[in-house]
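Here is the structure we will look at.
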Amino acid sequence: MNACVTTGTFYFSIGFSLILGVESYSGWANYTLTIQTGGSVTIPCHYDKKYTQQNKYWFSEIDKSNTYTNTTEENLSVIDHPDQSLFTVTMTNLQNKHSGHYYCVVETGEQPPINITYEPQLKIQSAPDVSVVNSSVSGHEGGDISVQCFYSSGYQNKVKQWCRYKDQSCYTVGRTNTSQSSSVQISDDGRRSFTVLMTGLRLTDSGWYFCSAGEALNPVQLTVTETETGAVSDKVNETVILKNNNETKDTTEPQNNQLLTVWLPALATLLLLLILAGVVTWRWRRKPKQGKHQIKGRSGSRSTVMVYSQPEDPGIYSIIKDEIPHDPNEDITYSTIENVPGSEVMKSPAGGAIYSIIYSTVAPH
C-alpha cells in the first residue's frame with residue numbers, strides 16, 4: 001500500500017464559506033474505523049511540520065461543523081501536538097448517528113488554501129468488524145510489546161495488517177522487517193483474532209498504528225520510553241534476579257551449617273558451666289556456716305558439743321554422743337540445758353559475753 005496524494009477541485013461547505021481549492025491526502029480514503037456502540041476512539045491527524053503554526057480543525061460531513069484544535073466539548077476533544085506534527089481527535093459515547101465521513105483539515109494559507117490530511121469514515125457497530133484489546137500500549141527501549149486484534153467472521157479470509165499512520169508502512173501476517181524499525185511478527189490464530197508482536201523497540205517506533213482486516217481498522221497508540229540510566233532490560237533484570245536467588249539459596253545453607261557448628265558447642269559449654277555453678281552453690285549452702293563456734297566437753301564415755309551461732313547469742317545447743325553402746329533394754333533419760341543464776345561461768349572463745357550454764361548428762365537408768 002503506497003501513499004497517494006491527489007490535487008484537484010473539491011467542494012464542501014465549512015460553516016458558511018465555500019472552499020474551492022483542496023489538496024486531498026487520499027491514501028486512507030477507503031478505510032473504515034469500526035467502533036463499538038457507546039465506545040470511544042482517538043484519531044491522529046498528521047500534518048507537515050511547516051504547518052505547525054497554522055490553524056487545524058476537525059470537520060464533520062454529517063452536520064457540516066468544524067471544531068478547531070485545543071477545543072474540548074462534551075463528547076469531542078481536538079488537541080494539537082506540534083512537537084509530533086499531528087493533532088488528535090477524541091470522540092466518546094459514539095452512537096449510530098455518528099457514523100459517516102470526517103476530515104482532518106489544515107489551513108495552509110497557500111494555494112490551494114486547505115490541506116485535508118486524513119479522511120476517516122466512522123462506522124458505529126454493536127459488534128465491530130475490527131477491534132483491539134488496548135488502544136494504547138507502551139514499552140521500554142529495547143523491549144517488546146504485544147497487541148491483540150479481533151475481527152468478525154466476515155473478515156476471516158481478509159488480509160490482516162499492522163500499519164503505521166504516519167508513513168503508511170504495513171506488515172502482513174508472517175512478515176517481519178528489521179531494516180527500518182523493530183522486528184514485527186503477525187500471527188493469525190484463525191479464530192477471529194491475530195496478534196502483533198514488536199521486539200527490539202526503538203524510540204522512533206513511538207506513534208500511531210492500526211490493526212486492519214480488509215478495509216476495516218482500529219487505531220492503537222504506541223509509546224516507547226527510554227531505558228533509565230544504569231538499568232537493563234526487563235528480561236536481563238529477571239535473569240539477574242533469578243541468578244541471585246539461586247546463589248542466595250546455595251550460599252545460605254552452608255552459612256547456616258557453619259553457624260550451627262560454631263554455636264552448638266558454645267551453647268553446650270555454657271549449659272555445662274551453669275550446671276556446675278548450680279552444684280557448687282548447692283554444696284556451699286549445705287556446708288555449716290563458718291561463723292558458728294563450738295565448745296566441746298566430755299563426761300565419762302559421752303562427749304558433749306555446745307554450739308552457738310554468735311558470741312552474743314544466748315542460745316546454746318548440745319550434741320551428745322554415746323561412745324559406749326548401751327543396753328537397748330535400759331531406758332535413757334534426756335535432759336535440757338538452761339541458764340541458771342549462780343551456775344558455772346563460761347566465756348565464749350570469741351571473747352563475747354559470759355554465760356552461766358549448767359551441764360547435764362544423759363545416762364541410762
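If you're wondering about the labels, chains in the C-alpha cells are A, B, ... by order shown, residues count from 1 in each chain, ligands from 1 in order shown.
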
Query raised in the report: Within 8 Å of A:Glu61, counting only C-alpha atoms, which residues qualify if same-chain residues fewer than 4 places away don't, as number ranges by chain?
Result: A: 65, 100-103

May I have the selected residues written with N, CA, C and O atoms, as a PDB file, in the first residue's frame?
```
ATOM      1  N   SER A  65     -20.070  20.703  10.542  1.00  0.00           N
ATOM      2  CA  SER A  65     -19.470  21.510  11.611  1.00  0.00           C
ATOM      3  C   SER A  65     -17.967  21.318  11.624  1.00  0.00           C
ATOM      4  O   SER A  65     -17.458  20.265  11.231  1.00  0.00           O
ATOM      5  N   GLY A 100     -20.298   8.063   9.664  1.00  0.00           N
ATOM      6  CA  GLY A 100     -20.179   8.933   8.489  1.00  0.00           C
ATOM      7  C   GLY A 100     -18.749   9.338   8.227  1.00  0.00           C
ATOM      8  O   GLY A 100     -17.806   8.783   8.818  1.00  0.00           O
ATOM      9  N   HIS A 101     -18.588  10.341   7.338  1.00  0.00           N
ATOM     10  CA  HIS A 101     -17.267  10.806   6.942  1.00  0.00           C
ATOM     11  C   HIS A 101     -16.851  12.040   7.741  1.00  0.00           C
ATOM     12  O   HIS A 101     -17.673  12.903   8.056  1.00  0.00           O
ATOM     13  N   TYR A 102     -15.546  12.074   8.002  1.00  0.00           N
ATOM     14  CA  TYR A 102     -14.946  13.219   8.709  1.00  0.00           C
ATOM     15  C   TYR A 102     -13.649  13.590   7.988  1.00  0.00           C
ATOM     16  O   TYR A 102     -13.109  12.811   7.198  1.00  0.00           O
ATOM     17  N   TYR A 103     -13.116  14.790   8.329  1.00  0.00           N
ATOM     18  CA  TYR A 103     -11.895  15.253   7.674  1.00  0.00           C
ATOM     19  C   TYR A 103     -10.978  15.933   8.680  1.00  0.00           C
ATOM     20  O   TYR A 103     -11.434  16.662   9.568  1.00  0.00           O
TER      21      TYR A 103
END
```

Could you please write out, as a compact mmCIF listing (two decimals) with C-alpha atoms, in the first residue's frame, every residue of stretch 57-290 of chain A that DSSP assigns to alpha helix (DSSP H)?
```txt
# COMPACT_ATOMS: atom_id res chain seq x y z
CA ASP A 234 13.33 -6.36 31.95
CA LYS A 235 14.49 -9.74 30.70
CA VAL A 236 18.04 -9.13 31.90
CA ASN A 237 16.68 -7.97 35.26
CA GLU A 238 14.64 -11.14 35.57
CA THR A 239 17.69 -13.25 34.74
CA VAL A 240 19.84 -11.42 37.30
CA ILE A 241 17.15 -11.75 39.97
CA LEU A 242 16.75 -15.47 39.34
CA LYS A 243 20.52 -15.95 39.40
CA ASN A 244 20.86 -14.01 42.64
CA ASN A 245 18.05 -16.01 44.20
CA ASN A 246 19.75 -19.27 43.27
CA GLU A 247 23.11 -18.04 44.57
CA THR A 248 21.50 -16.88 47.79
CA LYS A 249 19.85 -20.26 48.22
CA ASP A 250 23.14 -22.05 47.55
CA THR A 251 25.16 -19.90 49.97
CA THR A 252 22.58 -19.72 52.74
CA GLU A 253 22.67 -23.42 53.56
CA PRO A 254 26.49 -23.59 54.08
CA GLN A 255 26.29 -20.44 56.19
CA ASN A 256 23.57 -21.99 58.31
CA ASN A 257 25.69 -25.14 58.75
CA GLN A 258 28.65 -23.01 59.82
CA LEU A 259 26.51 -21.20 62.38
CA LEU A 260 25.30 -24.50 63.82
CA THR A 261 28.88 -25.81 64.01
CA VAL A 262 30.02 -22.75 65.97
CA TRP A 263 27.04 -22.14 68.21
CA LEU A 264 26.10 -25.66 69.28
CA PRO A 265 29.41 -26.33 71.12
CA ALA A 266 29.27 -22.86 72.66
CA LEU A 267 25.75 -23.41 73.93
CA ALA A 268 26.66 -26.85 75.29
CA THR A 269 29.67 -25.36 77.15
CA LEU A 270 27.53 -22.59 78.61
CA LEU A 271 24.93 -25.10 79.78
CA LEU A 272 27.63 -27.23 81.46
CA LEU A 273 29.02 -24.17 83.25
CA LEU A 274 25.56 -23.29 84.53
CA ILE A 275 25.11 -26.84 85.86
CA LEU A 276 28.49 -26.77 87.62
CA ALA A 277 27.71 -23.38 89.13
CA GLY A 278 24.42 -24.77 90.45
CA VAL A 279 26.12 -27.77 92.05
CA VAL A 280 28.77 -25.61 93.73
CA THR A 281 26.12 -23.24 95.06
CA TRP A 282 24.05 -26.12 96.41
CA ARG A 283 27.01 -27.69 98.21
CA TRP A 284 28.10 -24.34 99.61
CA ARG A 285 24.67 -23.73 101.08
CA ARG A 286 24.68 -27.16 102.83
```

May I have the residues within 12 Å of A:Val220 as a compact mmCIF listing (two decimals) with N, CA, C and O atoms, in the first residue's frame, using only C-alpha atoms and disregarding those fewer than 2 positions away in the same chain?
```
# COMPACT_ATOMS: atom_id res chain seq x y z
N LEU A 33 -13.08 3.13 10.13
CA LEU A 33 -12.82 2.89 11.55
C LEU A 33 -14.07 2.30 12.17
O LEU A 33 -15.14 2.94 12.14
N VAL A 41 -13.06 6.67 20.56
CA VAL A 41 -11.94 6.49 19.63
C VAL A 41 -11.11 7.76 19.62
O VAL A 41 -11.62 8.87 19.81
N THR A 42 -9.81 7.58 19.45
CA THR A 42 -8.89 8.71 19.26
C THR A 42 -8.25 8.56 17.90
O THR A 42 -7.65 7.52 17.59
N ILE A 43 -8.37 9.59 17.09
CA ILE A 43 -7.89 9.55 15.70
C ILE A 43 -6.74 10.53 15.54
O ILE A 43 -6.87 11.71 15.89
N PRO A 44 -5.60 10.08 15.02
CA PRO A 44 -4.48 11.00 14.78
C PRO A 44 -4.59 11.67 13.40
O PRO A 44 -4.93 11.02 12.42
N VAL A 130 -13.57 -4.83 13.33
CA VAL A 130 -12.20 -4.94 13.84
C VAL A 130 -12.11 -4.16 15.15
O VAL A 130 -12.60 -3.02 15.24
N SER A 131 -11.53 -4.77 16.17
CA SER A 131 -11.36 -4.11 17.47
C SER A 131 -10.05 -4.57 18.09
O SER A 131 -9.42 -5.53 17.62
N VAL A 132 -9.63 -3.86 19.14
CA VAL A 132 -8.38 -4.19 19.85
C VAL A 132 -8.65 -4.29 21.34
O VAL A 132 -9.61 -3.70 21.85
N VAL A 133 -7.80 -5.04 22.03
CA VAL A 133 -7.94 -5.17 23.47
C VAL A 133 -7.58 -3.86 24.15
O VAL A 133 -8.30 -3.36 25.01
N ASN A 134 -6.44 -3.28 23.75
CA ASN A 134 -5.99 -2.00 24.30
C ASN A 134 -5.68 -1.04 23.17
O ASN A 134 -4.93 -1.39 22.25
N SER A 135 -6.25 0.15 23.24
CA SER A 135 -6.00 1.15 22.20
C SER A 135 -4.75 1.96 22.48
O SER A 135 -4.35 2.79 21.67
N SER A 136 -4.11 1.71 23.62
CA SER A 136 -2.87 2.40 23.97
C SER A 136 -1.94 1.42 24.65
O SER A 136 -2.29 0.81 25.66
N VAL A 137 -0.74 1.25 24.12
CA VAL A 137 0.26 0.34 24.69
C VAL A 137 1.57 1.09 24.84
O VAL A 137 1.83 2.09 24.16
N SER A 138 2.42 0.60 25.73
CA SER A 138 3.71 1.24 25.95
C SER A 138 4.77 0.19 26.24
O SER A 138 4.47 -0.92 26.67
N SER A 146 3.01 -6.43 22.73
CA SER A 146 2.11 -7.33 22.02
C SER A 146 0.73 -6.69 21.94
O SER A 146 0.24 -6.14 22.94
N VAL A 147 0.12 -6.75 20.78
CA VAL A 147 -1.21 -6.19 20.56
C VAL A 147 -2.10 -7.28 19.97
O VAL A 147 -1.73 -7.93 19.00
N GLN A 148 -3.26 -7.48 20.59
CA GLN A 148 -4.20 -8.47 20.08
C GLN A 148 -5.35 -7.77 19.38
O GLN A 148 -5.99 -6.89 19.95
N CYS A 149 -5.60 -8.17 18.15
CA CYS A 149 -6.65 -7.57 17.33
C CYS A 149 -7.72 -8.62 17.01
O CYS A 149 -7.39 -9.77 16.70
N TRP A 162 -0.80 -4.78 10.09
CA TRP A 162 -0.43 -3.85 11.16
C TRP A 162 0.28 -2.69 10.46
O TRP A 162 1.35 -2.85 9.90
N CYS A 163 -0.33 -1.51 10.49
CA CYS A 163 0.18 -0.37 9.71
C CYS A 163 0.46 0.83 10.59
O CYS A 163 -0.16 1.00 11.66
N ARG A 164 1.35 1.66 10.11
CA ARG A 164 1.67 2.90 10.81
C ARG A 164 1.01 4.06 10.07
O ARG A 164 1.13 4.19 8.85
N TYR A 165 0.33 4.91 10.82
CA TYR A 165 -0.38 6.02 10.21
C TYR A 165 0.55 6.97 9.46
O TYR A 165 0.27 7.38 8.33
N VAL A 196 -0.03 -9.08 17.12
CA VAL A 196 1.12 -8.35 16.60
C VAL A 196 2.18 -8.30 17.69
O VAL A 196 1.90 -7.85 18.81
N SER A 206 7.66 5.02 18.48
CA SER A 206 6.51 5.67 19.10
C SER A 206 5.63 6.30 18.02
O SER A 206 6.13 6.87 17.05
N GLY A 207 4.34 6.18 18.21
CA GLY A 207 3.42 6.78 17.23
C GLY A 207 2.11 6.01 17.17
O GLY A 207 1.78 5.21 18.04
N TRP A 208 1.36 6.28 16.09
CA TRP A 208 0.05 5.68 15.91
C TRP A 208 0.07 4.60 14.85
O TRP A 208 0.67 4.76 13.78
N TYR A 209 -0.59 3.49 15.17
CA TYR A 209 -0.69 2.34 14.28
C TYR A 209 -2.16 1.94 14.20
O TYR A 209 -3.01 2.49 14.91
N PHE A 210 -2.44 0.97 13.36
CA PHE A 210 -3.78 0.39 13.37
C PHE A 210 -3.74 -1.07 12.94
O PHE A 210 -2.90 -1.49 12.15
N CYS A 211 -4.67 -1.84 13.54
CA CYS A 211 -4.91 -3.21 13.10
C CYS A 211 -5.96 -3.13 12.00
O CYS A 211 -6.94 -2.39 12.13
N SER A 212 -5.78 -3.91 10.95
CA SER A 212 -6.79 -3.90 9.89
C SER A 212 -7.04 -5.32 9.38
O SER A 212 -6.15 -6.17 9.38
N LEU A 217 -10.55 -1.10 10.16
CA LEU A 217 -9.37 -0.90 11.00
C LEU A 217 -9.75 -0.32 12.35
O LEU A 217 -10.87 0.16 12.56
N ASN A 218 -8.78 -0.35 13.26
CA ASN A 218 -8.95 0.23 14.58
C ASN A 218 -7.60 0.76 15.05
O ASN A 218 -6.59 0.04 14.97
N LEU A 222 1.19 3.69 20.30
CA LEU A 222 2.35 3.05 20.91
C LEU A 222 3.29 4.11 21.46
O LEU A 222 3.65 5.06 20.76
N THR A 223 3.69 3.95 22.72
CA THR A 223 4.63 4.86 23.36
C THR A 223 5.85 4.08 23.81
O THR A 223 5.72 3.12 24.59
```

Report task. Find, counting only C-alpha atoms, the residue in A:Asn93, A:Ser40, A:Ser153, A:Thr117 that gets nearest to A:Tyr57. Result -> A:Thr117

Report summary line: With distances taken over only C-alpha atoms, the candidate from A:Val105, A:Ile186, A:Ile35, A:Val78 nearest A:Lys56 is A:Val105

Requested in this report: List every residue of stretch 162-208 of chain A that DSSP, applied to the backbone, labels as strand (DSSP E), and write the result as number ranges by chain.
Outcome: A: 162-164, 170-172, 183-188, 193-199, 207-208

Written file, previous selection with N, CA and C atoms, as a short mmCIF file (atom, residue, chain, number, x, y, z; two decimals), in the first residue's frame:
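out-v4.cif was written with the following content:
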```cif
data_model
loop_
_atom_site.label_atom_id
_atom_site.label_comp_id
_atom_site.auth_asym_id
_atom_site.auth_seq_id
_atom_site.Cartn_x
_atom_site.Cartn_y
_atom_site.Cartn_z
N TRP A 162 -0.80 -4.78 10.09
CA TRP A 162 -0.43 -3.85 11.16
C TRP A 162 0.28 -2.69 10.46
N CYS A 163 -0.33 -1.51 10.49
CA CYS A 163 0.18 -0.37 9.71
C CYS A 163 0.46 0.83 10.59
N ARG A 164 1.35 1.66 10.11
CA ARG A 164 1.67 2.90 10.81
C ARG A 164 1.01 4.06 10.07
N CYS A 170 3.15 -0.96 6.20
CA CYS A 170 2.29 -2.03 6.71
C CYS A 170 3.03 -3.36 6.77
N TYR A 171 2.62 -4.20 7.69
CA TYR A 171 3.15 -5.55 7.85
C TYR A 171 1.98 -6.52 7.79
N THR A 172 2.18 -7.60 7.08
CA THR A 172 1.13 -8.61 6.96
C THR A 172 1.50 -9.84 7.78
N SER A 183 11.55 -5.44 14.93
CA SER A 183 11.06 -6.65 14.29
C SER A 183 9.57 -6.79 14.57
N VAL A 184 8.81 -7.04 13.51
CA VAL A 184 7.36 -7.17 13.63
C VAL A 184 6.94 -8.55 13.15
N GLN A 185 6.20 -9.24 13.98
CA GLN A 185 5.70 -10.56 13.64
C GLN A 185 4.20 -10.60 13.89
N ILE A 186 3.45 -11.03 12.87
CA ILE A 186 1.99 -11.10 12.98
C ILE A 186 1.58 -12.56 12.82
N SER A 187 0.77 -13.03 13.76
CA SER A 187 0.30 -14.41 13.71
C SER A 187 -1.22 -14.42 13.84
N ASP A 188 -1.87 -15.11 12.90
CA ASP A 188 -3.34 -15.20 12.90
C ASP A 188 -3.73 -16.58 13.43
N SER A 193 -9.02 -13.68 15.62
CA SER A 193 -8.06 -12.76 16.25
C SER A 193 -6.67 -12.99 15.68
N PHE A 194 -5.87 -11.94 15.64
CA PHE A 194 -4.46 -12.07 15.28
C PHE A 194 -3.65 -11.19 16.22
N THR A 195 -2.40 -11.61 16.43
CA THR A 195 -1.53 -10.95 17.40
C THR A 195 -0.34 -10.31 16.71
N VAL A 196 -0.03 -9.08 17.12
CA VAL A 196 1.12 -8.35 16.60
C VAL A 196 2.18 -8.30 17.69
N LEU A 197 3.37 -8.77 17.37
CA LEU A 197 4.49 -8.74 18.32
C LEU A 197 5.61 -7.88 17.76
N MET A 198 5.94 -6.82 18.49
CA MET A 198 7.06 -5.95 18.10
C MET A 198 8.17 -6.13 19.13
N THR A 199 9.36 -6.49 18.67
CA THR A 199 10.50 -6.71 19.56
C THR A 199 11.63 -5.75 19.21
N GLY A 207 4.34 6.18 18.21
CA GLY A 207 3.42 6.78 17.23
C GLY A 207 2.11 6.01 17.17
N TRP A 208 1.36 6.28 16.09
CA TRP A 208 0.05 5.68 15.91
C TRP A 208 0.07 4.60 14.85
#
```

Query - atom CA of A:Pro219 to atom CA of A:Phe87, straight-line distance in Å - result: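 Going from atom CA of A:Phe87 over to atom CA of A:Pro219 covers 14.4 Å.
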
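Of the listed residues A:Gly39, A:Gly190, A:Gly109, A:Pro120, the one whose atoms come nearest to A:Tyr155 is A:Gly190, with distances taken using only C-alpha atoms.
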
**Report entry** Residue nearest A:Cys45 among A:Lys166, A:His98, A:Lys123, A:Arg191 (counting only C-alpha atoms)
**Finding:** A:Lys166
